[in-house]
>>> print(open('my_file-v8.cif').read())   # mmCIF, C-alpha atoms
data_model
loop_
_atom_site.label_atom_id
_atom_site.label_comp_id
_atom_site.auth_asym_id
_atom_site.auth_seq_id
_atom_site.Cartn_x
_atom_site.Cartn_y
_atom_site.Cartn_z
CA MET L 1 0.00 0.00 0.00
CA SER L 2 1.38 3.39 -0.93
CA GLU L 3 2.13 6.06 1.61
CA TRP L 4 -0.31 8.93 1.99
CA PRO L 5 0.85 12.51 2.38
CA GLU L 6 0.90 13.51 6.09
CA PRO L 7 -1.97 16.03 5.86
CA ALA L 8 -4.10 13.26 4.33
CA VAL L 9 -3.49 10.98 7.32
CA ASP L 10 -4.83 13.64 9.69
CA TYR L 11 -7.72 14.27 7.30
CA VAL L 12 -8.77 10.59 7.38
CA GLN L 13 -8.13 10.43 11.13
CA ALA L 14 -10.68 13.20 11.68
CA ILE L 15 -13.24 11.38 9.54
CA SER L 16 -12.59 8.15 11.43
CA ASP L 17 -12.77 9.78 14.88
CA THR L 18 -15.99 11.55 13.93
CA LYS L 19 -17.48 8.23 12.87
CA LEU L 20 -16.24 6.57 16.05
CA VAL L 21 -17.93 9.13 18.29
CA LEU L 22 -20.94 9.29 15.99
CA GLY L 23 -21.44 5.53 16.33
CA HIS L 24 -21.23 5.95 20.10
CA ARG L 25 -23.82 8.73 20.12
CA TYR L 26 -26.17 6.73 17.88
CA ALA L 27 -25.91 3.81 20.27
CA GLU L 28 -26.43 5.99 23.37
CA TRP L 29 -29.62 7.47 21.95
CA SER L 30 -30.99 4.32 20.35
CA LEU L 31 -33.50 3.78 23.14
CA SER L 32 -34.58 7.41 23.32
CA GLY L 33 -36.27 8.00 19.98
CA PRO L 34 -39.91 8.97 19.65
CA SER L 35 -40.73 5.73 17.83
CA LEU L 36 -39.46 2.16 17.54
CA GLU L 37 -38.45 2.90 13.93
CA ASP L 38 -36.22 5.75 15.09
CA ASP L 39 -34.57 3.52 17.68
CA ILE L 40 -33.97 0.71 15.21
CA GLY L 41 -32.65 3.19 12.65
CA GLY L 42 -30.26 4.62 15.23
CA ALA L 43 -28.98 1.19 16.27
CA SER L 44 -28.48 0.24 12.64
CA ALA L 45 -26.60 3.47 11.92
CA ALA L 46 -24.40 2.83 14.97
CA GLN L 47 -23.48 -0.60 13.64
CA GLU L 48 -22.65 0.83 10.22
CA GLU L 49 -20.52 3.65 11.61
CA ILE L 50 -18.53 1.21 13.71
CA GLY L 51 -18.08 -0.92 10.58
CA HIS L 52 -16.72 2.13 8.75
CA VAL L 53 -14.36 2.90 11.64
CA ARG L 54 -13.05 -0.67 11.57
CA GLN L 55 -12.04 -0.28 7.92
CA LEU L 56 -10.66 3.25 8.29
CA ALA L 57 -8.58 2.02 11.23
CA ARG L 58 -7.05 -0.65 8.99
CA GLU L 59 -6.13 2.03 6.48
CA LEU L 60 -4.72 4.35 9.14
CA GLU L 61 -2.76 1.51 10.69
CA SER L 62 -1.20 0.86 7.28
CA GLN L 63 -0.08 4.49 7.36
CA GLY L 64 1.74 4.01 10.66
CA ARG L 65 -0.93 4.82 13.26
CA ASP L 66 -1.03 2.49 16.24
CA LEU L 67 -4.14 0.30 16.33
CA ASP L 68 -4.62 0.52 20.11
CA TRP L 69 -4.31 4.30 19.90
CA LEU L 70 -6.84 4.33 17.06
CA ASN L 71 -9.22 2.20 19.11
CA GLY L 72 -9.22 4.60 22.04
CA GLN L 73 -6.00 4.25 24.03
CA ARG L 74 -5.49 8.03 24.18
CA GLU L 75 -6.59 11.12 26.03
CA PRO L 76 -9.92 12.75 25.13
CA GLU L 77 -8.04 15.73 23.69
CA ALA L 78 -6.34 13.44 21.18
CA PHE L 79 -9.61 12.69 19.38
CA SER L 80 -10.29 14.65 16.20
CA ASN L 81 -14.05 14.28 16.10
CA ALA L 82 -16.48 16.98 15.02
CA ALA L 83 -16.98 19.25 18.04
CA CYS L 84 -20.77 19.03 17.81
CA LEU L 85 -20.46 15.42 19.03
CA ASP L 86 -18.42 16.23 22.17
CA SER L 87 -21.56 16.06 24.28
CA ILE L 88 -25.24 16.18 23.43
CA GLU L 89 -27.49 17.74 26.04
CA GLY L 90 -31.25 18.01 25.82
CA THR L 91 -33.89 16.08 23.95
CA TRP L 92 -34.04 13.94 20.86
CA THR L 93 -34.44 17.12 18.79
CA GLU L 94 -31.07 18.45 19.95
CA TYR L 95 -29.61 15.01 19.31
CA VAL L 96 -30.77 14.89 15.67
CA ALA L 97 -29.68 18.48 15.05
CA SER L 98 -26.22 17.55 16.40
CA ILE L 99 -25.52 14.22 14.69
CA ALA L 100 -26.97 15.11 11.28
CA PRO L 101 -24.50 17.95 10.52
CA ALA L 102 -21.58 15.80 11.70
CA ASP L 103 -22.54 12.74 9.66
CA ARG L 104 -23.01 14.81 6.49
CA ALA L 105 -19.74 16.69 6.99
CA ALA L 106 -17.80 13.43 7.48
CA TRP L 107 -19.36 11.97 4.34
CA TYR L 108 -18.52 15.03 2.23
CA LEU L 109 -14.88 14.77 3.34
CA LEU L 110 -14.81 11.05 2.59
CA ASP L 111 -16.49 11.44 -0.79
CA ALA L 112 -13.83 13.96 -1.85
CA ILE L 113 -11.05 11.37 -1.52
CA ASP L 114 -9.72 10.50 -4.94
CA ARG L 115 -7.75 7.28 -4.75
CA ASP L 116 -8.35 4.15 -6.81
CA ASP L 117 -7.32 1.86 -3.93
CA LEU L 118 -9.99 3.36 -1.66
CA ASP L 119 -12.75 3.64 -4.22
CA GLY L 120 -14.60 0.40 -3.40
CA LEU L 121 -14.32 1.07 0.33
CA ILE L 122 -15.76 4.57 0.01
CA THR L 123 -18.46 3.45 -2.42
CA LYS L 124 -19.55 0.84 0.11
CA MET L 125 -19.63 3.43 2.90
CA GLY L 126 -21.59 5.71 0.59
CA GLU L 127 -24.29 3.05 0.25
CA ASP L 128 -24.79 3.22 4.03
CA GLU L 129 -24.44 6.99 4.23
CA TYR L 130 -27.09 7.54 1.57
CA PHE L 131 -29.68 6.19 3.99
CA HIS L 132 -28.24 7.95 7.05
CA LEU L 133 -28.36 11.32 5.35
CA GLU L 134 -31.79 10.80 3.80
CA TYR L 135 -33.14 9.82 7.20
CA HIS L 136 -31.55 12.80 8.94
CA ASP L 137 -32.94 15.24 6.43
CA ALA L 138 -36.41 13.75 6.65
CA ARG L 139 -36.29 13.95 10.44
CA LEU L 140 -34.92 17.49 10.45
CA GLU L 141 -37.82 18.51 8.21
CA THR L 142 -40.44 17.04 10.54
CA LEU L 143 -38.68 18.47 13.60
CA ALA L 144 -38.60 21.85 11.85
CA GLU L 145 -42.39 21.69 11.84
CA ASP L 146 -42.78 20.34 15.38
CA ASN L 147 -40.05 22.16 17.23
CA PRO L 148 -38.49 24.87 15.05
CA GLU L 149 -37.01 26.94 17.89
CA THR L 150 -34.98 24.02 19.25
CA VAL L 151 -33.79 22.94 15.81
CA GLN L 152 -32.75 26.48 14.96
CA ARG L 153 -31.01 27.12 18.26
CA THR L 154 -29.11 23.82 18.06
CA LEU L 155 -28.05 24.27 14.45
CA GLU L 156 -26.71 27.73 15.24
CA THR L 157 -24.14 25.89 17.37
CA THR L 158 -23.67 22.60 15.53
CA LEU L 159 -23.44 23.77 11.91
CA PRO L 160 -20.36 25.98 12.56
CA GLN L 161 -18.81 23.08 14.49
CA ALA L 162 -19.43 20.71 11.60
CA LEU L 163 -18.01 23.31 9.22
CA ALA L 164 -14.88 23.33 11.37
CA LEU L 165 -14.55 19.60 10.72
CA ILE L 166 -14.71 20.29 6.99
CA GLY L 167 -12.19 23.12 7.24
CA PRO L 168 -11.72 26.82 6.68
CA GLU L 169 -13.08 28.78 3.74
CA ALA L 170 -9.54 29.97 3.02
CA TYR L 171 -8.63 26.44 1.88
CA ASP L 172 -9.42 26.96 -1.77
CA GLU L 173 -7.69 25.16 -4.64
CA ASP L 174 -4.54 27.21 -4.11
CA ALA L 175 -4.32 26.76 -0.33
CA ASP L 176 -5.82 23.40 0.67
CA PRO L 177 -2.82 21.18 1.52
CA VAL L 178 -4.72 17.89 1.10
CA PHE L 179 -6.12 18.92 -2.28
CA GLU L 180 -2.65 20.07 -3.34
CA THR L 181 -1.30 16.54 -2.80
CA GLY L 182 -4.01 15.10 -5.08
CA PHE L 183 -5.48 13.02 -2.25
CA THR L 184 -8.84 14.78 -2.71
CA ASP L 185 -10.47 15.89 -5.93
CA ARG L 186 -11.98 19.11 -4.60
CA PRO L 187 -10.74 21.74 -2.18
CA ILE L 188 -12.30 22.44 1.21
CA ALA L 189 -13.87 25.67 -0.05
CA LYS L 190 -15.87 23.68 -2.60
CA ILE L 191 -16.93 21.04 -0.06
CA ARG L 192 -18.12 23.80 2.28
CA ALA L 193 -20.11 25.48 -0.47
CA ALA L 194 -21.97 22.25 -1.26
CA TYR L 195 -22.58 21.61 2.44
CA ILE L 196 -23.92 25.10 3.18
CA GLU L 197 -26.10 25.06 0.07
CA HIS L 198 -27.61 21.75 1.16
CA TYR L 199 -28.77 23.04 4.54
CA ARG L 200 -29.99 26.35 3.13
CA ARG L 201 -32.17 24.46 0.67
CA LEU L 202 -33.35 21.95 3.28
CA PHE L 203 -34.74 24.61 5.59
CA ASP L 204 -35.90 27.00 2.91
CA GLY L 205 -39.61 27.63 3.43
CA THR L 206 -39.65 26.13 6.94
CA ASP L 207 -39.96 27.88 10.29
CA VAL L 208 -36.27 27.31 10.93
CA SER L 209 -34.15 30.29 9.99
CA LEU L 210 -30.44 29.81 9.41
CA GLU L 211 -29.88 33.56 9.28
CA ASN L 212 -27.88 33.60 12.51
CA VAL L 213 -25.63 30.65 11.65
CA ASP L 214 -22.02 31.79 11.46
CA TRP L 215 -21.23 30.30 8.06
CA ASP L 216 -17.73 31.82 8.12
CA GLN L 217 -16.48 29.45 10.81
CA PRO L 218 -13.79 28.35 11.33
CA ALA L 219 -11.41 31.29 11.03
CA LEU L 220 -8.14 30.00 9.65
CA GLU L 221 -6.06 31.55 12.45
CA ASP L 222 -8.15 29.83 15.16
CA TRP L 223 -8.39 26.45 13.47
CA ASP L 224 -6.55 23.36 14.69
CA GLU L 225 -5.72 21.55 11.47
CA THR L 226 -5.06 18.22 13.23
CA ARG L 227 -8.24 18.12 15.29
CA ARG L 228 -10.21 20.06 12.65
CA ARG L 229 -11.91 22.34 15.15
CA THR L 230 -11.47 25.58 17.03
CA GLY L 231 -11.01 25.64 20.80
CA SER L 232 -9.82 22.92 23.13
CA GLY L 233 -13.04 21.01 23.82
CA SER L 234 -13.27 17.24 23.64
CA ILE L 235 -15.35 14.22 24.44
CA SER L 236 -15.35 13.21 28.12
CA GLN L 237 -13.12 10.71 29.89
CA THR L 238 -16.23 8.55 30.40
CA ASP L 239 -16.82 8.58 26.66
CA VAL L 240 -13.27 7.39 26.07
CA GLU L 241 -13.66 4.57 28.56
CA GLN L 242 -16.86 3.48 26.86
CA LEU L 243 -15.25 3.67 23.41
CA ARG L 244 -12.46 1.42 24.64
CA GLY L 245 -15.08 -1.07 25.80
CA GLU L 246 -13.06 -1.85 28.91
CA LYS L 247 -16.07 -2.87 30.96
CA ASN L 248 -17.21 -5.22 28.19
CA LYS L 249 -13.96 -7.15 27.90
CA LEU L 250 -15.59 -10.00 29.79
CA PHE L 251 -17.80 -10.57 26.74
CA THR L 252 -15.06 -10.46 24.11
CA MET L 253 -15.24 -13.54 21.87
CA ASN L 254 -11.77 -13.49 20.30
CA MET B 1 -23.94 12.64 -1.65
CA SER B 2 -22.13 12.48 -4.93
CA SER B 3 -24.22 10.48 -7.35
CA ALA B 4 -21.08 9.18 -9.04
CA ARG B 5 -20.13 7.08 -6.03
CA ALA B 6 -23.68 6.17 -5.14
CA ASN B 7 -24.17 4.74 -8.62
CA ALA B 8 -20.78 3.10 -8.91
CA ALA B 9 -21.86 -0.26 -7.58
CA GLU B 10 -24.80 -0.41 -9.94
CA SER B 11 -22.69 0.51 -12.93
CA VAL B 12 -20.50 -2.59 -12.52
CA GLY B 13 -23.37 -4.75 -11.37
CA GLY B 14 -25.49 -7.41 -12.99
CA GLY B 15 -23.82 -10.22 -14.86
CA GLN B 16 -20.40 -8.60 -14.72
CA ILE B 17 -20.10 -9.10 -10.96
CA SER B 18 -21.28 -12.70 -10.78
CA GLU B 19 -19.03 -13.45 -13.75
CA PHE B 20 -16.16 -11.86 -11.84
CA VAL B 21 -16.55 -14.35 -8.99
CA GLU B 22 -17.11 -17.30 -11.31
CA ARG B 23 -14.01 -16.42 -13.31
CA ARG B 24 -11.86 -16.33 -10.18
CA ARG B 25 -13.10 -19.77 -9.16
CA ALA B 26 -12.65 -21.19 -12.64
CA ASP B 27 -9.01 -20.06 -12.64
CA ALA B 28 -8.28 -22.05 -9.48
CA THR B 29 -5.86 -24.98 -9.38
CA PRO B 30 -7.27 -28.40 -8.35
CA PHE B 31 -6.04 -27.84 -4.78
CA GLU B 32 -7.54 -24.34 -4.68
CA ARG B 33 -10.83 -25.80 -5.92
CA GLU B 34 -10.77 -28.18 -2.96
CA LEU B 35 -10.35 -25.18 -0.69
CA TRP B 36 -13.20 -23.36 -2.45
CA ASP B 37 -15.38 -26.43 -1.84
CA MET B 38 -14.47 -26.43 1.84
CA ILE B 39 -15.36 -22.77 2.24
CA ASP B 40 -18.58 -23.54 0.40
CA GLU B 41 -19.51 -25.62 3.46
CA ILE B 42 -19.24 -22.67 5.84
CA PRO B 43 -22.68 -21.16 6.43
CA ASP B 44 -23.36 -17.45 6.44
CA PRO B 45 -24.43 -16.83 10.07
CA HIS B 46 -27.41 -14.70 9.01
CA ILE B 47 -28.68 -16.31 5.80
CA PRO B 48 -29.18 -20.04 5.13
CA VAL B 49 -26.59 -20.25 2.34
CA SER B 50 -22.81 -20.63 2.34
CA LEU B 51 -20.24 -17.84 2.21
CA VAL B 52 -19.42 -18.86 -1.35
CA GLU B 53 -23.09 -18.88 -2.34
CA MET B 54 -23.43 -15.41 -0.82
CA GLY B 55 -20.74 -14.22 -3.23
CA MET B 56 -18.54 -13.12 -0.35
CA ILE B 57 -15.49 -15.11 -1.43
CA TYR B 58 -13.62 -13.37 -4.24
CA ASP B 59 -10.48 -15.46 -4.52
CA VAL B 60 -8.58 -18.36 -2.99
CA GLU B 61 -4.90 -18.63 -3.73
CA ALA B 62 -2.53 -21.33 -2.44
CA ILE B 63 1.21 -20.95 -2.85
CA ASP B 64 3.55 -23.35 -1.08
CA GLY B 65 1.15 -24.04 1.76
CA ARG B 66 0.29 -20.40 2.28
CA VAL B 67 -3.39 -19.75 1.52
CA THR B 68 -4.82 -16.30 0.91
CA VAL B 69 -8.59 -15.91 0.89
CA GLU B 70 -9.88 -12.66 -0.53
CA MET B 71 -13.37 -11.89 0.71
CA THR B 72 -15.87 -9.12 1.19
CA TYR B 73 -18.98 -8.48 3.26
CA PRO B 74 -22.47 -7.46 2.20
CA CYS B 75 -22.54 -5.23 5.29
CA MET B 76 -19.46 -3.30 6.42
CA GLY B 77 -20.72 -3.28 10.00
CA CYS B 78 -21.31 -7.04 10.04
CA PRO B 79 -21.45 -8.15 13.68
CA ALA B 80 -20.01 -11.51 12.62
CA TYR B 81 -17.02 -9.84 10.94
CA ASP B 82 -14.37 -11.62 13.02
CA MET B 83 -16.37 -14.81 13.49
CA ILE B 84 -16.60 -15.42 9.74
CA GLN B 85 -12.87 -14.91 9.27
CA ASN B 86 -12.21 -17.26 12.19
CA ASP B 87 -14.49 -19.87 10.59
CA ILE B 88 -12.52 -19.71 7.34
CA ASN B 89 -9.25 -19.84 9.18
CA SER B 90 -10.27 -22.78 11.36
CA CYS B 91 -11.72 -24.70 8.43
CA LEU B 92 -8.71 -24.35 6.13
CA SER B 93 -5.98 -24.58 8.76
CA LEU B 94 -6.86 -28.23 9.44
CA THR B 95 -6.42 -29.18 5.78
CA ASP B 96 -3.43 -31.19 4.61
CA GLY B 97 -1.15 -28.98 2.55
CA VAL B 98 -2.15 -25.77 4.32
CA ASP B 99 0.45 -24.24 6.63
CA ASP B 100 -0.90 -20.74 6.96
CA VAL B 101 -4.17 -18.93 6.17
CA ASP B 102 -4.50 -15.23 5.54
CA VAL B 103 -7.97 -13.77 5.12
CA GLU B 104 -7.89 -10.47 3.31
CA VAL B 105 -10.98 -8.23 3.33
CA VAL B 106 -11.48 -6.22 0.13
CA TRP B 107 -14.19 -3.85 -1.11
CA ASP B 108 -13.61 -3.92 -4.83
CA PRO B 109 -15.89 -4.86 -6.45
CA VAL B 110 -18.52 -3.75 -3.97
CA TRP B 111 -20.84 -6.61 -3.01
CA SER B 112 -24.39 -6.41 -4.30
CA LYS B 113 -27.34 -8.73 -4.70
CA ASP B 114 -26.15 -9.28 -8.25
CA MET B 115 -23.56 -11.60 -6.71
CA LEU B 116 -26.32 -14.13 -6.04
CA SER B 117 -26.92 -16.75 -8.71
CA GLU B 118 -30.47 -17.76 -9.60
CA PRO B 119 -30.30 -21.13 -7.73
CA VAL B 120 -29.11 -19.29 -4.61
CA ARG B 121 -31.90 -16.73 -4.97
CA GLU B 122 -34.38 -19.57 -5.22
CA LYS B 123 -32.93 -21.18 -2.09
CA MET B 124 -33.29 -17.90 -0.23
CA ARG B 125 -36.83 -17.33 -1.46
CA LYS B 126 -37.77 -20.80 -0.20
CA SER B 127 -36.38 -19.79 3.19
CA GLY B 128 -38.68 -16.79 3.25
CA ILE B 129 -36.09 -14.17 2.33
CA SER B 130 -37.33 -11.63 -0.16
CA LEU B 131 -34.87 -10.19 -2.67
#
>>> encode(input="my_file-v8.cif", output="C-alpha cells")
Amino acid sequence: MSEWPEPAVDYVQAISDTKLVLGHRYAEWSLSGPSLEDDIGGASAAQEEIGHVRQLARELESQGRDLDWLNGQREPEAFSNAACLDSIEGTWTEYVASIAPADRAAWYLLDAIDRDDLDGLITKMGEDEYFHLEYHDARLETLAEDNPETVQRTLETTLPQALALIGPEAYDEDADPVFETGFTDRPIAKIRAAYIEHYRRLFDGTDVSLENVDWDQPALEDWDETRRRTGSGSISQTDVEQLRGEKNKLFTMN
Amino acid sequence: MSSARANAAESVGGGQISEFVERRRADATPFERELWDMIDEIPDPHIPVSLVEMGMIYDVEAIDGRVTVEMTYPCMGCPAYDMIQNDINSCLSLTDGVDDVDVEVVWDPVWSKDMLSEPVREKMRKSGISL
C-alpha cells in the first residue's frame, strides 16, 4: 500500500474519529427516539458507523498509526471528532440536530477522496451513508415543523462546528494542503459550499431560519488543522472509557 | 452525496459481478478448488446459504502451503465480521497442505445482490427471504 501525504493521514483520522464518536452517540440514543423505527434506525446506523471505523482504522494503521491508539487508548483531547459530538445535552431534537450535521460533513470529506485503492471502500460506505443522510434530512424537516425553535437554536451551534470539521473557507484550490497533494479531488472551499447550500435548501420555506448561523467558521487563524476544530473542547473521559469497551472485555469472543 | 459514487456499484453490477466471482473460481488450481469447496460448506451466520453462495469469497490462492482468501462483506458493520474470518481460518488450517491462512478483506468490487446466482436466490426465497 502506498504512503499517503501527512496532511491526508490527519484528514482521514478526523473522519474516522468523527465516525467513532458518531457511532457511540447513535448507540447511546438508540432507546430514546420517539418511535421504535427511530430507535432501530439509530442502532443500525451505529453498527454501520462502527463498521466504517473498523475499515478506516485498517487504512490508518497501514499508514503508521497504532491500532490501540486508534481504538481509544489516548486522552480525550487526542480525538479529532467533530466538536458538535463532544456532548449532546437536551432532547431527541437536539440530538438529531447535532448528529446530522456531523454525519453529512464526514461523508462530504470522505467522498472527496480520490484514490483508486480506496474507491470500493468509500463506495460501500456511501451506500450506508445515503440512507443515514436521507433519514436525517427527513427527520430534520419534521422536527422543523414540530419544534423549530430548538432545531434552529441547536443548528446555530452545531453547523459551525461541523463546518470546522470540513475546514476553513480559506482552503481553496490554491491553499488546501490535502487537495494540493491530489489526495482529494476538490478543495475544502468547494466542499463547504456544497454543504452550506444543502442546509440552506433543506430549511428553505420552513420555520427554521439559518440567518444567525455563522457560516464563516472556522477562522483559519483559530483552526486546529489536526483536530479540525477551534477551541480545546473534547469528548469526556467517560466517553473514552466506553469507546475502549473496557467494561465489556468479559464478553469479548476473540 | 455524490451520485457518481452512489451509482458506482450499480454501474459494474449485474452479470459482470457474478461473472467476476465465477471467473476467479474457474481459474483455481485443483487444490484451490478443494479449498473453495471447503469454504462452500461454511454457512453465512445470518442467511441459510454458504459464504461462497453469498458471493462473499472473491479469490482463494494457495502458494507453497500459504493460503490467501480474498473476501468481502455485504454489510461493512457485520457483527459476525471476526467470526466469519475465524471460521474460514479454522476450516482451512486443518487441511493437509495448508500451513498458513490469511484472510484479506477487500471492497472492490462492492458486493451487491447481483452476486447471487439464480439457484441461490431460489434457495433464499424458499427460506422466506425476499430479494
>>> atom_distance(input="my_file-v8.cif", atom1="CA of Trp92 in chain L", atom2="CA of Ser32 in chain L")
7.0 Å
>>> resolve_selection(input="my_file-v8.cif", expression="the PyMOL selection byres ((chain L) within 8 of (chain B))", output="ChimeraX atom specification")
/L:47-52,107-108,111,119-127,130,254
>>> resolve_selection(input="my_file-v8.cif", expression="the PyMOL selection byres ((chain B and resi 43) around 12)", output="list in words")
Met38, Ile39, Asp40, Glu41, Ile42, Asp44, Pro45, His46, Ile47, Pro48, Val49, Ser50, Leu51, Val52, Glu53, Met54, Met56, Ala80, Met83, Ile84, Gln85, Asp87, Ile88 and Cys91 of chain B
>>> resolve_selection(input="my_file-v8.cif", expression="the PyMOL selection byres ((chain L and resi 19-27) around 8)", output="count of residues only")
24
>>> closest_residue(input="my_file-v8.cif", among="L:Gly41, L:Lys247, L:Asp207, L:Leu60", to="Thr142 in chain L", atoms="all atoms listed in the file")
L:Asp207
>>> build_atoms(input="my_file-v8.cif", residues="range 38-56 of chain B", atoms="N, CA and C atoms", output="compact mmCIF listing (two decimals), in the coordinates of the input")
# COMPACT_ATOMS: atom_id res chain seq x y z
N MET B 38 -14.39 -26.41 0.37
CA MET B 38 -14.47 -26.43 1.84
C MET B 38 -15.12 -25.15 2.37
N ILE B 39 -14.75 -24.04 1.79
CA ILE B 39 -15.36 -22.77 2.24
C ILE B 39 -16.85 -22.76 1.90
N ASP B 40 -17.17 -23.47 0.82
CA ASP B 40 -18.58 -23.54 0.40
C ASP B 40 -19.44 -24.29 1.43
N GLU B 41 -18.78 -24.93 2.39
CA GLU B 41 -19.51 -25.62 3.46
C GLU B 41 -19.74 -24.71 4.67
N ILE B 42 -19.10 -23.56 4.67
CA ILE B 42 -19.24 -22.67 5.84
C ILE B 42 -20.49 -21.81 5.67
N PRO B 43 -21.43 -21.91 6.60
CA PRO B 43 -22.68 -21.16 6.43
C PRO B 43 -22.50 -19.67 6.76
N ASP B 44 -23.23 -18.85 6.04
CA ASP B 44 -23.36 -17.45 6.44
C ASP B 44 -24.16 -17.46 7.74
N PRO B 45 -23.71 -16.74 8.78
CA PRO B 45 -24.43 -16.83 10.07
C PRO B 45 -25.82 -16.20 10.06
N HIS B 46 -26.11 -15.39 9.03
CA HIS B 46 -27.41 -14.70 9.01
C HIS B 46 -28.39 -15.27 8.00
N ILE B 47 -27.85 -15.87 6.93
CA ILE B 47 -28.68 -16.31 5.80
C ILE B 47 -28.41 -17.79 5.58
N PRO B 48 -29.42 -18.58 5.26
CA PRO B 48 -29.18 -20.04 5.13
C PRO B 48 -28.51 -20.46 3.83
N VAL B 49 -27.42 -19.83 3.48
CA VAL B 49 -26.59 -20.25 2.34
C VAL B 49 -25.13 -20.15 2.77
N SER B 50 -24.23 -20.67 1.93
CA SER B 50 -22.81 -20.63 2.34
C SER B 50 -22.17 -19.29 1.99
N LEU B 51 -20.97 -19.08 2.52
CA LEU B 51 -20.24 -17.84 2.21
C LEU B 51 -19.97 -17.72 0.72
N VAL B 52 -19.68 -18.87 0.09
CA VAL B 52 -19.42 -18.86 -1.35
C VAL B 52 -20.71 -18.53 -2.09
N GLU B 53 -21.81 -19.16 -1.67
CA GLU B 53 -23.09 -18.88 -2.34
C GLU B 53 -23.49 -17.41 -2.17
N MET B 54 -23.12 -16.83 -1.06
CA MET B 54 -23.43 -15.41 -0.82
C MET B 54 -22.58 -14.48 -1.69
N GLY B 55 -21.61 -15.05 -2.38
CA GLY B 55 -20.74 -14.22 -3.23
C GLY B 55 -19.73 -13.43 -2.44
N MET B 56 -19.47 -13.87 -1.20
CA MET B 56 -18.54 -13.12 -0.35
C MET B 56 -17.09 -13.50 -0.57
